[in-house]
Structure formats: structure tokens, C-alpha cells
$ cat start.cif   # mmCIF, C-alpha atoms; chains and numbers go by the auth columns
data_entry
loop_
_atom_site.group_PDB
_atom_site.id
_atom_site.type_symbol
_atom_site.label_atom_id
_atom_site.label_comp_id
_atom_site.label_asym_id
_atom_site.label_seq_id
_atom_site.Cartn_x
_atom_site.Cartn_y
_atom_site.Cartn_z
_atom_site.B_iso_or_equiv
_atom_site.auth_seq_id
_atom_site.auth_asym_id
ATOM 1 C CA MET A 1 -11.755 15.251 -13.783 0.00 13 A
ATOM 2 C CA THR A 2 -14.292 16.663 -16.207 0.00 14 A
ATOM 3 C CA GLY A 3 -16.408 18.066 -13.389 0.00 15 A
ATOM 4 C CA ILE A 4 -13.601 20.196 -11.961 0.00 16 A
ATOM 5 C CA ARG A 5 -11.779 21.346 -15.103 0.00 17 A
ATOM 6 C CA PHE A 6 -13.068 24.864 -14.554 0.00 18 A
ATOM 7 C CA LEU A 7 -11.424 24.904 -11.127 0.00 19 A
ATOM 8 C CA ARG A 8 -7.914 24.327 -12.556 0.00 20 A
ATOM 9 C CA PRO A 9 -6.654 27.880 -11.948 0.00 21 A
ATOM 10 C CA LEU A 10 -7.803 27.693 -8.345 0.00 22 A
ATOM 11 C CA LEU A 11 -6.519 24.249 -7.469 0.00 23 A
ATOM 12 C CA ILE A 12 -3.155 25.736 -6.504 0.00 24 A
ATOM 13 C CA SER A 13 -4.667 28.797 -4.892 0.00 25 A
ATOM 14 C CA PRO A 14 -4.176 28.809 -1.106 0.00 26 A
ATOM 15 C CA PHE A 15 -7.231 31.056 -0.779 0.00 27 A
ATOM 16 C CA PHE A 16 -9.404 28.506 -2.573 0.00 28 A
ATOM 17 C CA LEU A 17 -8.113 25.662 -0.412 0.00 29 A
ATOM 18 C CA LEU A 18 -8.902 27.653 2.734 0.00 30 A
ATOM 19 C CA VAL A 19 -12.441 28.347 1.521 0.00 31 A
ATOM 20 C CA LEU A 20 -12.979 24.671 0.734 0.00 32 A
ATOM 21 C CA ALA A 21 -11.563 23.658 4.113 0.00 33 A
ATOM 22 C CA GLY A 22 -13.888 26.159 5.790 0.00 34 A
ATOM 23 C CA ALA A 23 -16.855 24.808 3.846 0.00 35 A
ATOM 24 C CA GLY A 24 -16.068 21.257 4.955 0.00 36 A
ATOM 25 C CA ALA A 25 -16.486 18.115 2.932 0.00 37 A
ATOM 26 C CA SER A 26 -20.213 18.671 2.575 0.00 38 A
ATOM 27 C CA ALA A 27 -21.449 21.185 0.044 0.00 39 A
ATOM 28 C CA GLU A 28 -22.382 23.716 2.738 0.00 40 A
ATOM 29 C CA LEU A 29 -22.317 27.324 1.633 0.00 41 A
ATOM 30 C CA PRO A 30 -19.772 29.645 3.197 0.00 42 A
ATOM 31 C CA GLU A 31 -20.927 33.071 4.289 0.00 43 A
ATOM 32 C CA GLN A 32 -21.935 35.434 1.481 0.00 44 A
ATOM 33 C CA ALA A 33 -18.790 37.559 1.943 0.00 45 A
ATOM 34 C CA GLU A 34 -16.605 34.471 1.502 0.00 46 A
ATOM 35 C CA ARG A 35 -18.568 33.484 -1.610 0.00 47 A
ATOM 36 C CA GLN A 36 -18.097 36.984 -3.032 0.00 48 A
ATOM 37 C CA ALA A 37 -14.359 36.908 -2.298 0.00 49 A
ATOM 38 C CA LEU A 38 -14.024 33.473 -3.900 0.00 50 A
ATOM 39 C CA ALA A 39 -15.992 34.596 -6.957 0.00 51 A
ATOM 40 C CA HIS A 40 -13.892 37.748 -7.299 0.00 52 A
ATOM 41 C CA ARG A 41 -10.641 35.826 -7.118 0.00 53 A
ATOM 42 C CA TYR A 42 -11.861 33.128 -9.490 0.00 54 A
ATOM 43 C CA VAL A 43 -13.012 35.446 -12.282 0.00 55 A
ATOM 44 C CA HIS A 44 -9.738 37.380 -12.070 0.00 56 A
ATOM 45 C CA GLU A 45 -7.727 34.159 -12.361 0.00 57 A
ATOM 46 C CA VAL A 46 -9.839 32.680 -15.168 0.00 58 A
ATOM 47 C CA LEU A 47 -9.999 35.814 -17.345 0.00 59 A
ATOM 48 C CA PRO A 48 -6.281 35.995 -18.273 0.00 60 A
ATOM 49 C CA TYR A 49 -6.208 32.262 -19.025 0.00 61 A
ATOM 50 C CA TRP A 50 -9.080 32.507 -21.528 0.00 62 A
ATOM 51 C CA GLN A 51 -7.876 35.813 -22.905 0.00 63 A
ATOM 52 C CA ARG A 52 -4.539 34.175 -23.800 0.00 64 A
ATOM 53 C CA ARG A 53 -6.236 31.035 -25.073 0.00 65 A
ATOM 54 C CA LEU A 54 -8.458 33.078 -27.407 0.00 66 A
ATOM 55 C CA GLN A 55 -5.489 35.207 -28.478 0.00 67 A
ATOM 56 C CA LEU A 56 -7.016 38.432 -27.201 0.00 68 A
ATOM 57 C CA ASP A 57 -3.789 39.500 -25.485 0.00 69 A
ATOM 58 C CA GLU A 58 -3.744 42.904 -27.157 0.00 70 A
ATOM 59 C CA TRP A 59 -7.032 43.792 -25.449 0.00 71 A
ATOM 60 C CA HIS A 60 -7.268 45.275 -21.972 0.00 72 A
ATOM 61 C CA VAL A 61 -10.190 43.298 -20.578 0.00 73 A
ATOM 62 C CA TYR A 62 -11.643 43.938 -17.147 0.00 74 A
ATOM 63 C CA VAL A 63 -14.141 41.800 -15.302 0.00 75 A
ATOM 64 C CA LEU A 64 -16.608 43.184 -12.784 0.00 76 A
ATOM 65 C CA LEU A 65 -18.997 41.240 -10.602 0.00 77 A
ATOM 66 C CA SER A 66 -22.483 42.714 -10.881 0.00 78 A
ATOM 67 C CA ARG A 67 -25.678 42.312 -8.916 0.00 79 A
ATOM 68 C CA PRO A 68 -28.389 40.400 -10.775 0.00 80 A
ATOM 69 C CA ALA A 69 -30.552 43.554 -10.805 0.00 81 A
ATOM 70 C CA ASP A 70 -27.795 45.354 -12.766 0.00 82 A
ATOM 71 C CA LEU A 71 -27.933 42.790 -15.579 0.00 83 A
ATOM 72 C CA ARG A 72 -30.580 42.271 -18.217 0.00 84 A
ATOM 73 C CA PRO A 73 -33.177 39.769 -16.918 0.00 85 A
ATOM 74 C CA GLY A 74 -32.322 36.183 -17.757 0.00 86 A
ATOM 75 C CA THR A 75 -28.631 36.867 -18.371 0.00 87 A
ATOM 76 C CA LEU A 76 -25.527 35.997 -16.373 0.00 88 A
ATOM 77 C CA GLY A 77 -23.377 38.763 -17.833 0.00 89 A
ATOM 78 C CA ASN A 78 -22.546 41.082 -20.698 0.00 90 A
ATOM 79 C CA ILE A 79 -19.631 42.822 -22.370 0.00 91 A
ATOM 80 C CA HIS A 80 -18.996 46.369 -23.551 0.00 92 A
ATOM 81 C CA TRP A 81 -15.969 47.199 -25.662 0.00 93 A
ATOM 82 C CA ASP A 82 -14.163 50.000 -27.433 0.00 94 A
ATOM 83 C CA ALA A 83 -12.512 48.549 -30.535 0.00 95 A
ATOM 84 C CA GLU A 84 -10.356 51.634 -31.129 0.00 96 A
ATOM 85 C CA LYS A 85 -8.876 51.587 -27.643 0.00 97 A
ATOM 86 C CA LYS A 86 -8.934 47.775 -27.475 0.00 98 A
ATOM 87 C CA THR A 87 -10.611 47.836 -24.057 0.00 99 A
ATOM 88 C CA ALA A 88 -13.515 45.788 -22.813 0.00 100 A
ATOM 89 C CA THR A 89 -15.427 45.278 -19.597 0.00 101 A
ATOM 90 C CA ILE A 90 -17.175 42.013 -18.831 0.00 102 A
ATOM 91 C CA HIS A 91 -19.938 42.099 -16.227 0.00 103 A
ATOM 92 C CA VAL A 92 -20.521 38.732 -14.545 0.00 104 A
ATOM 93 C CA MET A 93 -23.349 38.044 -12.105 0.00 105 A
ATOM 94 C CA ASP A 94 -21.971 38.108 -8.564 0.00 106 A
ATOM 95 C CA ALA A 95 -22.353 35.418 -5.912 0.00 107 A
ATOM 96 C CA SER A 96 -25.616 36.888 -4.627 0.00 108 A
ATOM 97 C CA GLY A 97 -27.312 35.624 -7.788 0.00 109 A
ATOM 98 C CA TYR A 98 -26.381 32.026 -6.998 0.00 110 A
ATOM 99 C CA PRO A 99 -28.355 30.545 -4.115 0.00 111 A
ATOM 100 C CA ALA A 100 -26.568 27.195 -4.004 0.00 112 A
ATOM 101 C CA ASP A 101 -23.605 25.102 -5.098 0.00 113 A
ATOM 102 C CA ILE A 102 -20.270 26.952 -5.219 0.00 114 A
ATOM 103 C CA ALA A 103 -18.886 24.684 -7.945 0.00 115 A
ATOM 104 C CA ARG A 104 -21.910 25.448 -10.154 0.00 116 A
ATOM 105 C CA MET A 105 -21.509 29.165 -9.454 0.00 117 A
ATOM 106 C CA LEU A 106 -17.850 29.132 -10.513 0.00 118 A
ATOM 107 C CA LYS A 107 -18.603 27.076 -13.611 0.00 119 A
ATOM 108 C CA ASP A 108 -21.332 29.520 -14.676 0.00 120 A
ATOM 109 C CA MET A 109 -18.937 32.424 -14.135 0.00 121 A
ATOM 110 C CA GLU A 110 -16.290 30.793 -16.322 0.00 122 A
ATOM 111 C CA VAL A 111 -18.862 30.013 -19.030 0.00 123 A
ATOM 112 C CA THR A 112 -19.988 33.650 -18.929 0.00 124 A
ATOM 113 C CA ILE A 113 -16.424 34.940 -19.298 0.00 125 A
ATOM 114 C CA VAL A 114 -15.689 32.628 -22.240 0.00 126 A
ATOM 115 C CA HIS A 115 -19.023 33.500 -23.881 0.00 127 A
ATOM 116 C CA GLU A 116 -18.351 37.238 -23.596 0.00 128 A
ATOM 117 C CA LEU A 117 -14.778 36.852 -24.879 0.00 129 A
ATOM 118 C CA VAL A 118 -16.126 35.030 -27.946 0.00 130 A
ATOM 119 C CA HIS A 119 -18.387 38.062 -28.499 0.00 131 A
ATOM 120 C CA LEU A 120 -15.253 40.194 -28.390 0.00 132 A
ATOM 121 C CA GLU A 121 -13.490 37.921 -30.871 0.00 133 A
ATOM 122 C CA LEU A 122 -16.416 38.314 -33.286 0.00 134 A
ATOM 123 C CA ALA A 123 -16.881 42.042 -32.652 0.00 135 A
ATOM 124 C CA SER A 124 -15.435 43.058 -36.010 0.00 136 A
ATOM 125 C CA LEU A 125 -18.066 41.069 -37.925 0.00 137 A
ATOM 126 C CA PRO A 126 -21.172 42.979 -39.005 0.00 138 A
ATOM 127 C CA VAL A 127 -24.372 41.687 -37.400 0.00 139 A
ATOM 128 C CA SER A 128 -27.852 42.932 -38.174 0.00 140 A
ATOM 129 C CA ASP A 129 -30.548 42.994 -35.513 0.00 141 A
ATOM 130 C CA ALA A 130 -32.250 40.103 -37.331 0.00 142 A
ATOM 131 C CA ASP A 131 -29.074 37.993 -37.006 0.00 143 A
ATOM 132 C CA ARG A 132 -28.447 38.617 -33.287 0.00 144 A
ATOM 133 C CA SER A 133 -30.233 35.476 -32.099 0.00 145 A
ATOM 134 C CA ASN A 134 -28.319 33.396 -34.667 0.00 146 A
ATOM 135 C CA GLN A 135 -25.067 34.935 -33.442 0.00 147 A
ATOM 136 C CA GLU A 136 -25.973 34.142 -29.799 0.00 148 A
ATOM 137 C CA PHE A 137 -26.754 30.578 -30.800 0.00 149 A
ATOM 138 C CA ALA A 138 -23.372 30.237 -32.542 0.00 150 A
ATOM 139 C CA ILE A 139 -21.511 31.836 -29.626 0.00 151 A
ATOM 140 C CA ASP A 140 -23.192 29.455 -27.178 0.00 152 A
ATOM 141 C CA HIS A 141 -22.019 26.492 -29.270 0.00 153 A
ATOM 142 C CA ILE A 142 -18.480 27.830 -29.654 0.00 154 A
ATOM 143 C CA THR A 143 -18.305 28.464 -25.898 0.00 155 A
ATOM 144 C CA ASP A 144 -19.515 24.959 -25.157 0.00 156 A
ATOM 145 C CA ALA A 145 -16.971 23.459 -27.561 0.00 157 A
ATOM 146 C CA LEU A 146 -14.128 25.471 -26.046 0.00 158 A
ATOM 147 C CA LEU A 147 -15.020 24.427 -22.517 0.00 159 A
ATOM 148 C CA ARG A 148 -15.463 20.777 -23.499 0.00 160 A
ATOM 149 C CA THR A 149 -12.030 20.641 -25.155 0.00 161 A
ATOM 150 C CA GLU A 150 -10.470 21.837 -21.899 0.00 162 A
ATOM 151 C CA THR A 151 -10.494 18.258 -20.611 0.00 163 A
ATOM 152 C CA ARG A 152 -8.281 17.021 -23.440 0.00 164 A
ATOM 153 C CA THR A 153 -4.572 16.830 -22.794 0.00 165 A
ATOM 154 C CA PRO A 154 -2.544 17.966 -25.784 0.00 166 A
ATOM 155 C CA ILE A 155 -0.151 15.381 -27.161 0.00 167 A
ATOM 156 C CA SER A 156 3.399 16.631 -27.361 0.00 168 A
ATOM 157 C CA GLU A 157 5.504 15.965 -30.454 0.00 169 A
ATOM 158 C CA SER A 158 7.974 13.940 -28.391 0.00 170 A
ATOM 159 C CA SER A 159 5.139 11.681 -27.201 0.00 171 A
ATOM 160 C CA LEU A 160 4.028 11.145 -30.773 0.00 172 A
ATOM 161 C CA GLU A 161 7.563 10.339 -31.913 0.00 173 A
ATOM 162 C CA ALA A 162 8.059 7.860 -29.080 0.00 174 A
ATOM 163 C CA ALA A 163 4.744 6.140 -29.789 0.00 175 A
ATOM 164 C CA SER A 164 5.066 5.861 -33.563 0.00 176 A
ATOM 165 C CA PRO A 165 7.147 3.147 -35.174 0.00 177 A
ATOM 166 C CA GLU A 166 10.073 4.006 -37.404 0.00 178 A
ATOM 167 C CA PRO A 167 8.848 4.668 -40.933 0.00 179 A
ATOM 168 C CA THR A 168 9.431 1.850 -43.379 0.00 180 A
ATOM 169 C CA PRO A 169 11.554 3.001 -46.327 0.00 181 A
ATOM 170 C CA ARG A 170 9.677 2.869 -49.603 0.00 182 A
ATOM 171 C CA HIS A 171 11.521 1.957 -52.827 0.00 183 A
#

$ encode --input "start.cif" --output "C-alpha cells"
Amino acid sequence: MTGIRFLRPLLISPFFLLVLAGAGASAELPEQAERQALAHRYVHEVLPYWQRRLQLDEWHVYVLLSRPADLRPGTLGNIHWDAEKKTATIHVMDASGYPADIARMLKDMEVTIVHELVHLELASLPVSDADRSNQEFAIDHITDALLRTETRTPISESSLEAASPEPTPRH
């Protein structure tokens, strides 16, 4: 289950099921237009989930798929925000930047969205140019931790109560 946790929002999506059916059981790549459509749908389904999870609901966040040439070399995305207006735009590398595996493409897109949202969460903190690489390092680790905890199922209070024995009275 760990390998497909990032696909959770799409597992109930009829569009996603059609794309997978069209791709067949092998990992063949669908046409580029289908990959772009899948990527577009995926990022727009994943963004609100992570925005809620990171409690950034008051922000109006938009996600745009961008050609690799429109991004800084070596990056998969970026974010620009206006703190006063509480608006932000996340640019995520589009499907043309991924030559293979659809699952890997979607995972990278989700990682990019979470990474950029963590930047937004930390936007109010002052950062000097000398500290930027340290901040990137920290954001990478926070992103990784958030995505790894996605596989854990929260324990409900009723489950805890049912599993724990009655407390022994102390005198």
C-alpha cells in the first residue's frame, strides 16, 4: 500500500481508472495528451487535500503545470505568493518532463506540491540568503516526513477504548 498512497485521491476517479485501463497491465505510457490530462487532474485533486492537511485553507492556492524550460534548471516546481492577498501559485513540471513511469511522475508531482505548500507555511519566517539552503534542507525533510506519515491509519478514540482494559481502581 505504501507504493500507491499518493494515488489515493485518484483511486475513485473514473478518469484515472480509464487511463489505467487504456495503459494496460504493463507500464506502457499512454499518449502525451493523456499523460498531460492525467497530470492536470491529479494535481488539482491532490492540492486541496494537502492544503487542508497543512491548514492553509484561508489561502487561495492555484497549481499550474509548467514546461521544464519554464522552471529553474534542476527543479520540479516553485511557488509565488502574495501574503497580503493570501494567494499563491504553484508551478509543477508537466508530463513532458517525465519520460517514463506514470506512477513516478504522479508521486513527484505530489511531492512538489507538498514541498511548495511547506514553503508557504514558513513564508512568514525571515530567511537570509545565507540560510536558504538550510531552509530547503529542512523543507525537504518535513515534506518527506509528511508523505511518509500518509501510510499510517489514525486510531480512533473508540478503537482505543475498545482495546484498552478497564482501569483498575487505585485506593

$ atom_distance --input "start.cif" --atom1 "atom CA of Thr99 of chain A" --atom2 "atom CA of Arg47 of chain A"
27.8 Å

$ resolve_selection --input "start.cif" --expression "the PyMOL selection byres ((chain A and resi 134) around 12)" --output "ChimeraX atom specification"
/A:66,68,93,95,127-133,135-139,147-148,150-151,154

$ resolve_selection --input "start.cif" --expression "the PyMOL selection byres ((chain A and resi 65) around 12)" --output "JSON, numbers by chain"
{"A": [58, 59, 60, 61, 62, 63, 64, 66, 67, 68, 69, 126, 129, 130, 133, 158, 159, 161, 162]}

$ atom_distance --input "start.cif" --atom1 "atom CA of Leu118 of chain A" --atom2 "atom CA of Ala157 of chain A"
18.0 Å

$ atom_distance --input "start.cif" --atom1 "atom CA of Ser108 of chain A" --atom2 "atom CA of Gly86 of chain A"
14.8 Å

$ residues_around --input "start.cif" --residues "His92 of chain A" --least-positions-apart "3" --cutoff "8 Å" --atoms "all atoms listed in the file" --output "NGL selection string"
:A and (100-102)

$ resolve_selection --input "start.cif" --expression "the PyMOL selection byres ((chain A and resi 75-84) around 6)" --output "VMD selection string"
chain A and resid 74 85 87 101 to 106 109

$ write_last_selection --input "start.cif" --atoms "C-alpha atoms" --output "PDB file, in the coordinates of the input"
ATOM      1  CA  TYR A  74     -11.643  43.938 -17.147  1.00  0.00           C
ATOM      2  CA  PRO A  85     -33.177  39.769 -16.918  1.00  0.00           C
ATOM      3  CA  THR A  87     -28.631  36.867 -18.371  1.00  0.00           C
ATOM      4  CA  THR A 101     -15.427  45.278 -19.597  1.00  0.00           C
ATOM      5  CA  ILE A 102     -17.175  42.013 -18.831  1.00  0.00           C
ATOM      6  CA  HIS A 103     -19.938  42.099 -16.227  1.00  0.00           C
ATOM      7  CA  VAL A 104     -20.521  38.732 -14.545  1.00  0.00           C
ATOM      8  CA  MET A 105     -23.349  38.044 -12.105  1.00  0.00           C
ATOM      9  CA  ASP A 106     -21.971  38.108  -8.564  1.00  0.00           C
ATOM     10  CA  GLY A 109     -27.312  35.624  -7.788  1.00  0.00           C
TER      11      GLY A 109
END

$ closest_residue --input "start.cif" --among "A:Arg144, A:Arg160, A:His153, A:Lys119" --to "Tyr54 of chain A" --atoms "all atoms listed in the file"
A:Lys119

$ build_atoms --input "start.cif" --residues "segment 77-89 of chain A" --atoms "N, CA and C atoms" --output "compact mmCIF listing (two decimals), in the frame of the given file"
# COMPACT_ATOMS: atom_id res chain seq x y z
N LEU A 77 -17.85 41.99 -11.10
CA LEU A 77 -19.00 41.24 -10.60
C LEU A 77 -20.15 42.22 -10.42
N SER A 78 -21.32 41.83 -10.89
CA SER A 78 -22.48 42.71 -10.88
C SER A 78 -23.67 42.04 -10.23
N ARG A 79 -24.45 42.84 -9.52
CA ARG A 79 -25.68 42.31 -8.92
C ARG A 79 -26.64 41.88 -10.02
N PRO A 80 -27.43 40.86 -9.76
CA PRO A 80 -28.39 40.40 -10.78
C PRO A 80 -29.29 41.53 -11.28
N ALA A 81 -29.67 42.45 -10.41
CA ALA A 81 -30.55 43.55 -10.80
C ALA A 81 -29.88 44.50 -11.79
N ASP A 82 -28.54 44.48 -11.85
CA ASP A 82 -27.80 45.35 -12.77
C ASP A 82 -27.60 44.73 -14.15
N LEU A 83 -28.05 43.49 -14.30
CA LEU A 83 -27.93 42.79 -15.58
C LEU A 83 -29.31 42.67 -16.22
N ARG A 84 -29.31 42.49 -17.52
CA ARG A 84 -30.58 42.27 -18.22
C ARG A 84 -31.21 40.99 -17.69
N PRO A 85 -32.52 40.97 -17.45
CA PRO A 85 -33.18 39.77 -16.92
C PRO A 85 -32.87 38.53 -17.77
N GLY A 86 -32.59 37.45 -17.08
CA GLY A 86 -32.32 36.18 -17.76
C GLY A 86 -30.90 36.01 -18.24
N THR A 87 -30.02 36.98 -17.93
CA THR A 87 -28.63 36.87 -18.37
C THR A 87 -27.71 36.72 -17.16
N LEU A 88 -26.53 36.16 -17.42
CA LEU A 88 -25.53 36.00 -16.37
C LEU A 88 -24.39 37.00 -16.53
N GLY A 89 -24.43 37.78 -17.61
CA GLY A 89 -23.38 38.76 -17.83
C GLY A 89 -23.54 39.47 -19.15
